[in-house]
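Chemist: Handing over final31.txt, compact mmCIF, C-alpha atoms and all ligand atoms.
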```
# COMPACT_ATOMS: atom_id res chain seq x y z
CA MET R 1 -9.16 -30.51 48.15
CA SER R 2 -6.01 -31.70 46.49
CA GLY R 3 -5.88 -30.95 42.82
CA THR R 4 -3.40 -32.14 40.23
CA VAL R 5 -0.54 -29.93 39.12
CA TYR R 6 0.15 -30.28 35.42
CA LEU R 7 3.57 -29.17 34.27
CA VAL R 8 2.68 -28.23 30.74
CA GLY R 9 5.02 -27.45 27.87
CA ALA R 10 3.94 -24.25 26.12
CA GLY R 11 6.26 -24.89 23.17
CA PRO R 12 8.47 -22.26 21.53
CA GLY R 13 5.81 -19.58 21.15
CA ALA R 14 3.42 -20.36 18.31
CA ALA R 15 0.07 -21.22 19.90
CA ASP R 16 -0.67 -23.91 17.32
CA LEU R 17 2.44 -25.83 18.38
CA LEU R 18 0.78 -26.62 21.71
CA THR R 19 -0.33 -30.21 22.14
CA LEU R 20 -4.07 -30.89 22.15
CA ARG R 21 -3.65 -32.08 25.74
CA ALA R 22 -2.09 -28.78 26.75
CA ALA R 23 -4.93 -26.85 25.13
CA ARG R 24 -7.53 -29.04 26.86
CA LEU R 25 -5.92 -28.61 30.29
CA LEU R 26 -5.66 -24.85 29.83
CA GLY R 27 -9.40 -24.85 29.14
CA GLU R 28 -10.04 -26.80 32.36
CA ALA R 29 -7.55 -24.97 34.58
CA GLY R 30 -8.67 -23.00 37.62
CA ILE R 31 -5.27 -21.32 37.78
CA VAL R 32 -2.31 -21.01 35.44
CA LEU R 33 1.13 -20.16 36.78
CA HIS R 34 3.19 -19.26 33.77
CA ASP R 35 6.65 -18.24 32.64
CA ALA R 36 7.12 -14.63 31.61
CA LEU R 37 7.68 -15.46 27.95
CA VAL R 38 4.45 -17.39 27.35
CA PRO R 39 2.50 -15.45 24.68
CA ALA R 40 -0.91 -13.93 25.40
CA GLU R 41 -2.46 -16.02 22.62
CA ILE R 42 -1.66 -19.18 24.59
CA LEU R 43 -2.89 -17.76 27.90
CA ALA R 44 -6.13 -16.87 26.14
CA LEU R 45 -6.82 -20.61 25.91
CA ALA R 46 -7.46 -20.53 29.67
CA PRO R 47 -10.36 -18.06 29.85
CA GLY R 48 -11.64 -19.35 33.19
CA ALA R 49 -8.30 -19.40 34.96
CA GLU R 50 -6.58 -16.98 37.25
CA LYS R 51 -3.24 -16.23 35.59
CA VAL R 52 -0.14 -15.75 37.68
CA PRO R 53 3.13 -14.80 36.00
CA VAL R 54 6.00 -16.41 37.87
CA GLY R 55 8.55 -16.15 35.11
CA LYS R 56 12.25 -15.96 35.35
CA ARG R 57 13.36 -13.70 32.61
CA SER R 58 17.12 -13.50 32.50
CA GLY R 59 18.42 -10.20 33.79
CA ARG R 60 14.99 -9.11 35.01
CA HIS R 61 12.96 -9.36 38.14
CA SER R 62 12.83 -13.03 39.03
CA THR R 63 10.56 -14.93 41.33
CA VAL R 64 12.52 -17.39 43.37
CA GLN R 65 11.90 -21.07 42.76
CA ARG R 66 10.96 -21.68 46.40
CA PHE R 67 8.15 -19.20 46.09
CA ILE R 68 6.91 -20.85 42.89
CA ASN R 69 6.92 -24.27 44.55
CA LYS R 70 4.87 -22.95 47.41
CA ARG R 71 2.42 -21.17 45.11
CA LEU R 72 1.86 -24.43 43.23
CA ALA R 73 1.18 -26.38 46.42
CA ASP R 74 -1.22 -23.69 47.63
CA ALA R 75 -2.99 -23.65 44.26
CA ALA R 76 -3.51 -27.43 44.42
CA ARG R 77 -5.47 -26.92 47.65
CA GLU R 78 -7.88 -24.60 45.87
CA HIS R 79 -8.18 -25.90 42.33
CA ALA R 80 -8.74 -29.32 40.79
CA VAL R 81 -6.64 -28.44 37.76
CA VAL R 82 -3.50 -26.37 38.28
CA VAL R 83 -1.45 -25.67 35.18
CA ARG R 84 2.20 -24.75 35.52
CA LEU R 85 2.93 -23.53 32.02
CA LYS R 86 6.58 -23.56 30.98
CA GLY R 87 8.27 -22.50 27.75
CA GLY R 88 9.26 -25.28 25.37
CA ASP R 89 9.27 -28.66 27.11
CA PRO R 90 9.10 -28.71 30.92
CA MET R 91 11.73 -31.46 31.18
CA LEU R 92 14.58 -29.56 29.54
CA PHE R 93 16.18 -26.64 31.35
CA GLY R 94 12.86 -25.82 32.99
CA ARG R 95 13.56 -26.59 36.65
CA ALA R 96 10.74 -29.13 36.49
CA GLN R 97 12.50 -31.56 38.83
CA GLU R 98 12.51 -29.05 41.69
CA GLU R 99 8.78 -28.55 41.31
CA ILE R 100 8.05 -32.27 40.95
CA ARG R 101 10.15 -33.15 44.00
CA TYR R 102 8.52 -30.47 46.14
CA LEU R 103 4.96 -31.34 45.12
CA VAL R 104 5.39 -35.13 45.33
CA SER R 105 6.95 -34.80 48.78
CA ARG R 106 3.73 -33.09 49.87
CA GLY R 107 1.54 -35.80 48.40
CA ILE R 108 0.33 -33.64 45.51
CA ARG R 109 -0.30 -35.38 42.19
CA VAL R 110 1.87 -34.14 39.33
CA GLU R 111 1.58 -34.88 35.64
CA VAL R 112 3.81 -33.64 32.86
CA VAL R 113 2.63 -32.66 29.39
CA PRO R 114 5.47 -32.42 26.86
CA GLY R 115 6.00 -29.44 24.61
CA VAL R 116 8.12 -28.65 21.57
CA THR R 117 11.54 -27.76 22.89
CA ALA R 118 13.51 -24.80 21.52
CA ALA R 119 16.18 -26.89 19.78
CA LEU R 120 13.58 -28.74 17.73
CA ALA R 121 11.67 -25.56 16.90
CA ALA R 122 15.00 -24.00 15.87
CA ALA R 123 15.85 -26.97 13.63
CA ALA R 124 12.42 -26.68 12.01
CA GLN R 125 12.90 -22.96 11.47
CA ALA R 126 16.35 -23.49 9.94
CA GLY R 127 15.00 -26.34 7.82
CA VAL R 128 17.91 -28.57 8.86
CA SER R 129 17.67 -32.00 10.48
CA LEU R 130 19.75 -32.34 13.65
CA THR R 131 20.69 -35.85 12.57
CA GLU R 132 21.67 -37.00 9.11
CA ARG R 133 22.83 -40.35 7.82
CA GLY R 134 26.59 -40.43 7.64
CA VAL R 135 26.94 -36.93 9.09
CA ALA R 136 25.40 -36.74 12.56
CA ARG R 137 24.24 -39.54 14.82
CA SER R 138 24.23 -37.76 18.16
CA VAL R 139 22.71 -34.56 19.50
CA ALA R 140 23.55 -32.87 22.79
CA PHE R 141 21.23 -30.42 24.51
CA VAL R 142 23.45 -28.27 26.69
CA THR R 143 23.56 -25.04 28.59
CA PRO R 144 26.67 -23.36 29.92
CA ARG R 145 24.47 -21.48 32.38
CA VAL R 146 24.83 -22.61 35.99
CA GLY R 147 22.67 -21.41 38.84
CA GLU R 148 24.08 -19.58 41.81
CA GLY R 149 25.95 -21.97 44.06
CA ALA R 150 25.44 -24.89 41.65
CA ALA R 151 28.20 -27.35 40.79
CA PRO R 152 30.25 -26.51 37.69
CA SER R 153 28.63 -27.73 34.48
CA SER R 154 30.08 -30.42 32.25
CA TRP R 155 28.40 -28.96 29.18
CA LEU R 156 31.72 -28.71 27.36
CA ASP R 157 32.37 -32.47 27.52
CA ALA R 158 29.00 -33.14 25.91
CA ALA R 159 29.45 -30.35 23.38
CA ARG R 160 32.84 -31.74 22.41
CA ALA R 161 31.58 -35.28 21.93
CA ALA R 162 28.25 -34.83 20.13
CA ASP R 163 27.95 -34.47 16.34
CA THR R 164 25.26 -31.80 16.70
CA VAL R 165 24.95 -29.45 19.66
CA ALA R 166 22.03 -27.28 20.74
CA ILE R 167 23.03 -24.62 23.24
CA TYR R 168 20.28 -23.12 25.39
CA MET R 169 20.64 -19.83 27.29
CA GLY R 170 23.96 -19.21 25.59
CA ALA R 171 23.49 -16.30 23.19
CA GLY R 172 24.55 -13.74 25.80
CA ASP R 173 27.82 -15.58 26.43
CA ALA R 174 28.76 -16.22 22.82
CA PRO R 175 32.41 -15.10 23.05
CA ALA R 176 33.13 -17.33 26.06
CA ILE R 177 31.27 -20.24 24.45
CA ALA R 178 33.18 -19.95 21.17
CA ARG R 179 36.48 -19.75 23.06
CA ALA R 180 35.64 -22.76 25.23
CA LEU R 181 34.52 -24.91 22.28
CA ILE R 182 37.54 -24.05 20.15
CA GLY R 183 39.79 -24.60 23.17
CA ALA R 184 38.17 -28.03 23.62
CA GLY R 185 39.12 -28.95 20.08
CA ARG R 186 36.07 -28.10 17.98
CA SER R 187 37.01 -26.62 14.65
CA PRO R 188 36.78 -22.83 14.28
CA SER R 189 35.17 -23.51 10.89
CA LEU R 190 32.38 -25.68 12.38
CA PRO R 191 29.02 -24.48 11.00
CA VAL R 192 26.84 -22.54 13.44
CA VAL R 193 23.23 -21.45 13.15
CA LEU R 194 21.53 -19.11 15.61
CA VAL R 195 17.76 -19.11 15.66
CA GLU R 196 15.98 -16.31 17.48
CA ASN R 197 12.29 -16.50 18.41
CA ALA R 198 11.79 -19.79 16.59
CA SER R 199 8.18 -20.37 15.49
CA GLN R 200 7.22 -16.75 16.19
CA ALA R 201 6.69 -13.70 14.03
CA GLY R 202 10.01 -11.90 13.80
CA SER R 203 12.03 -15.09 13.93
CA ARG R 204 15.57 -14.84 12.57
CA THR R 205 18.15 -17.36 11.47
CA ILE R 206 21.79 -16.32 11.36
CA ALA R 207 24.49 -18.67 10.08
CA GLY R 208 28.26 -18.73 10.05
CA THR R 209 31.14 -20.55 11.69
CA LEU R 210 32.14 -21.20 15.28
CA ALA R 211 34.92 -18.61 14.99
CA GLU R 212 32.28 -16.06 13.94
CA LEU R 213 29.85 -16.94 16.74
CA PRO R 214 30.45 -13.77 18.81
CA ALA R 215 29.81 -11.56 15.76
CA LEU R 216 26.72 -13.59 14.81
CA ALA R 217 25.29 -13.33 18.32
CA ALA R 218 25.83 -9.59 18.27
CA GLN R 219 23.32 -9.42 15.39
CA LEU R 220 20.48 -10.82 17.52
CA ASN R 221 17.65 -8.56 18.63
CA GLY R 222 17.48 -9.68 22.24
CA GLY R 223 14.85 -12.41 21.74
CA ALA R 224 15.17 -15.99 22.98
CA ALA R 225 17.86 -17.64 20.85
CA THR R 226 19.25 -21.13 20.48
CA ILE R 227 22.71 -21.80 19.13
CA LEU R 228 22.99 -24.87 16.91
CA LEU R 229 26.37 -26.28 15.90
CA GLY R 230 27.45 -29.13 13.68
CA GLU R 231 28.38 -30.29 10.19
CA VAL R 232 24.67 -30.79 9.38
CA PHE R 233 24.44 -27.00 9.09
CA SER R 234 27.15 -26.61 6.44
CA ALA R 235 24.66 -26.11 3.60
CA ALA R 236 22.74 -23.56 5.68
CA VAL R 237 25.93 -21.59 6.20
CA VAL R 238 26.80 -21.64 2.51
CA ALA R 239 23.26 -20.55 1.60
CA LYS R 240 23.43 -17.61 4.01
CA ARG R 241 26.70 -16.50 2.50
CA GLN R 242 25.57 -16.67 -1.12
CA PRO R 243 23.82 -13.28 -1.31
CA ARG R 244 26.91 -11.51 -0.03
CA ARG R 245 29.25 -13.22 -2.49
CA ARG R 246 30.78 -10.97 -5.10
CA PRO R 247 30.19 -12.02 -8.70
CA GLN R 248 33.00 -14.24 -9.90
CA ALA R 249 35.32 -12.78 -12.52
CA ARG R 250 35.17 -14.91 -15.68
N1 LIG H 1 12.25 -25.53 28.56
C1 LIG H 1 12.61 -24.70 27.42
C2 LIG H 1 13.97 -24.08 27.61
C3 LIG H 1 14.06 -23.06 28.69
S1 LIG H 1 15.63 -22.30 28.78
C4 LIG H 1 12.55 -25.53 26.15
O1 LIG H 1 12.38 -26.75 26.22
O2 LIG H 1 12.66 -24.96 25.08
C5 LIG H 1 15.38 -20.86 27.79
C6 LIG H 1 16.20 -20.94 26.51
O3 LIG H 1 15.48 -21.68 25.53
C7 LIG H 1 16.50 -19.62 25.86
O4 LIG H 1 17.61 -19.00 26.45
C8 LIG H 1 16.78 -20.04 24.43
O5 LIG H 1 18.09 -20.59 24.33
C9 LIG H 1 15.79 -21.17 24.25
N2 LIG H 1 14.52 -20.74 23.62
C10 LIG H 1 13.31 -20.67 24.19
N3 LIG H 1 12.37 -20.28 23.29
C11 LIG H 1 13.01 -20.12 22.12
C12 LIG H 1 12.59 -19.75 20.80
N4 LIG H 1 11.31 -19.48 20.51
N5 LIG H 1 13.54 -19.68 19.83
C13 LIG H 1 14.83 -19.96 20.08
N6 LIG H 1 15.26 -20.32 21.30
C14 LIG H 1 14.38 -20.40 22.31
```
Do you think you could lay out the structure here as structure tokens?
Ligand code: SAH
Modeler:
Amino acid sequence: MSGTVYLVGAGPGAADLLTLRAARLLGEAGIVLHDALVPAEILALAPGAEKVPVGKRSGRHSTVQRFINKRLADAAREHAVVVRLKGGDPMLFGRAQEEIRYLVSRGIRVEVVPGVTAALAAAAQAGVSLTERGVARSVAFVTPRVGEGAAPSSWLDAARAADTVAIYMGAGDAPAIARALIGAGRSPSLPVVLVENASQAGSRTIAGTLAELPALAAQLNGGAATILLGEVFSAAVVAKRQPRRRPQAR
């Protein structure tokens, strides 16, 4: 038997942000290999499937990618429908290419089902469009995180050039990120919004400036967080500040 491996986007956490296709495939799956952060409510959509957590949670026990690749190939020998469930969209910062390459090289069919990526869930949560006529015409999805032994990242070039920047896996390195961006010429007063656990209960939005980024990141509760930067967020920053403003003397 050679089943199909579906790389399925689980979205940012809310089960009702899954695509209908993702929900259908979960229902049909014989096995689901999932990231650590995929909520139980989503896994519950695969009642007939064996569930195997293979997540890489930063700073915690991690299953090596090689092992995941092999598990997927083995699963395709036993099940017609294998779901590899990944947070957000599989094609952004999800190591999908390594899995696709490995499986295709072994003659295993692979299909990808998109999901709502963190940056877009964060924009929705903040209520701010990543593009805006006359303000922002380009968006960069970047991560400063590089894997062990990987080539240095050019994230900074992209983050310098784009009008709006979404930084993945960056909240833990906020001081270095702020320093690098300001050093690369981005204004210390550039508006910044951090969105933690977008789409989930307990989501938080914190706004300020690039210079304040380290202090803003220190307010996070340890959930998954995306850093958004750009002039499009200026109103969001002003709104966040309002409650703290002292009454004006007349
Ligand atoms: N493939 C995923 C990204 C995986 S990298 C996607 O498309 O979204 C993991 C990073 O995604 C986290 O470090 C964080 O920056 C971001 N992230 C994931 N879920 C998030 C959420 N619910 N809210 C905010 N950021 C999130």
Chemist: Show me which residues are within 8 Å of ligand LIG 1 (chain H) counting all atoms listed in the file, and format the list as a PyMOL selection string.
Modeler: chain R and resi 9+11-13+86-94+115-119+121-122+167-171+195-200+203+223-227
Chemist: Figure out the distance between atom CA of R:Phe141 and atom CA of R:Val113, please, to one decimal in Å.
Modeler: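 If I compute the distance from atom CA of R:Val113 to atom CA of R:Phe141, I get 19.4 Å.
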Chemist: Please compute the atom CA of R:Trp155-atom CA of R:Pro53 distance, one decimal, in Å.
Modeler: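 According to the coordinates, atom CA of R:Trp155 and atom CA of R:Pro53 are separated by 29.8 Å.
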Chemist: Determine, counting all atoms listed in the file, which protein, DNA and RNA residues have an atom within 12 Å of an atom of R:Ala44; residues of the same chain fewer than 5 positions away are not included. Present the result as number ranges by chain.
Modeler: R: 15, 23, 26-27, 29, 32, 38-39, 49-51
Chemist: Nearest to R:Ala73: which of R:Ala40, R:Ala124, R:Ala46, R:Ser2 is it, counting only C-alpha atoms?
Modeler: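 Ranking R:Ala40, R:Ala124, R:Ala46, R:Ser2 by distance to R:Ala73, first place goes to R:Ser2.
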Chemist: For a quick check of understanding, using all atoms listed in the file, which of R:Gly230, R:Gly147, R:Gly134, R:Pro175 has the smallest distance to R:Leu213?
Modeler: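 Between R:Gly230, R:Gly147, R:Gly134, R:Pro175, the residue approaching R:Leu213 most closely is R:Pro175.
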Chemist: Out of R:Asn221, R:Thr209, R:Asn69, R:Ser154, which residue has the shortest atom-to-atom distance to R:Arg84 when counting all atoms listed in the file?
Modeler: R:Asn69
Chemist: Looking at R:Phe67, R:Thr19, R:Val82, R:Arg179, which one is nearest to R:Gly48, with distances taken over all atoms listed in the file?
Modeler: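 Between R:Phe67, R:Thr19, R:Val82, R:Arg179, the residue approaching R:Gly48 most closely is R:Val82.
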Chemist: As a ChimeraX atom specification, please: the residues near R:Gln219 (cut-off 10 Å, all atoms listed in the file, same-chain neighbours under 6 positions excluded).
Modeler: /R:194,204,206
Chemist: For atom CA of R:Gly3 and atom CA of R:His79, determine how far apart the two atoms are, in Å to one decimal place.
Modeler: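 Distance between the two atoms: 5.6 Å.
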Chemist: Choose the residue, out of R:Ala159, R:Ile31, R:Leu220, R:Ile108, that has the smallest atom-to-atom separation from R:Glu78; count only C-alpha atoms.
Modeler: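 Once distances to R:Glu78 are computed over only C-alpha atoms, the minimum belongs to R:Ile31.
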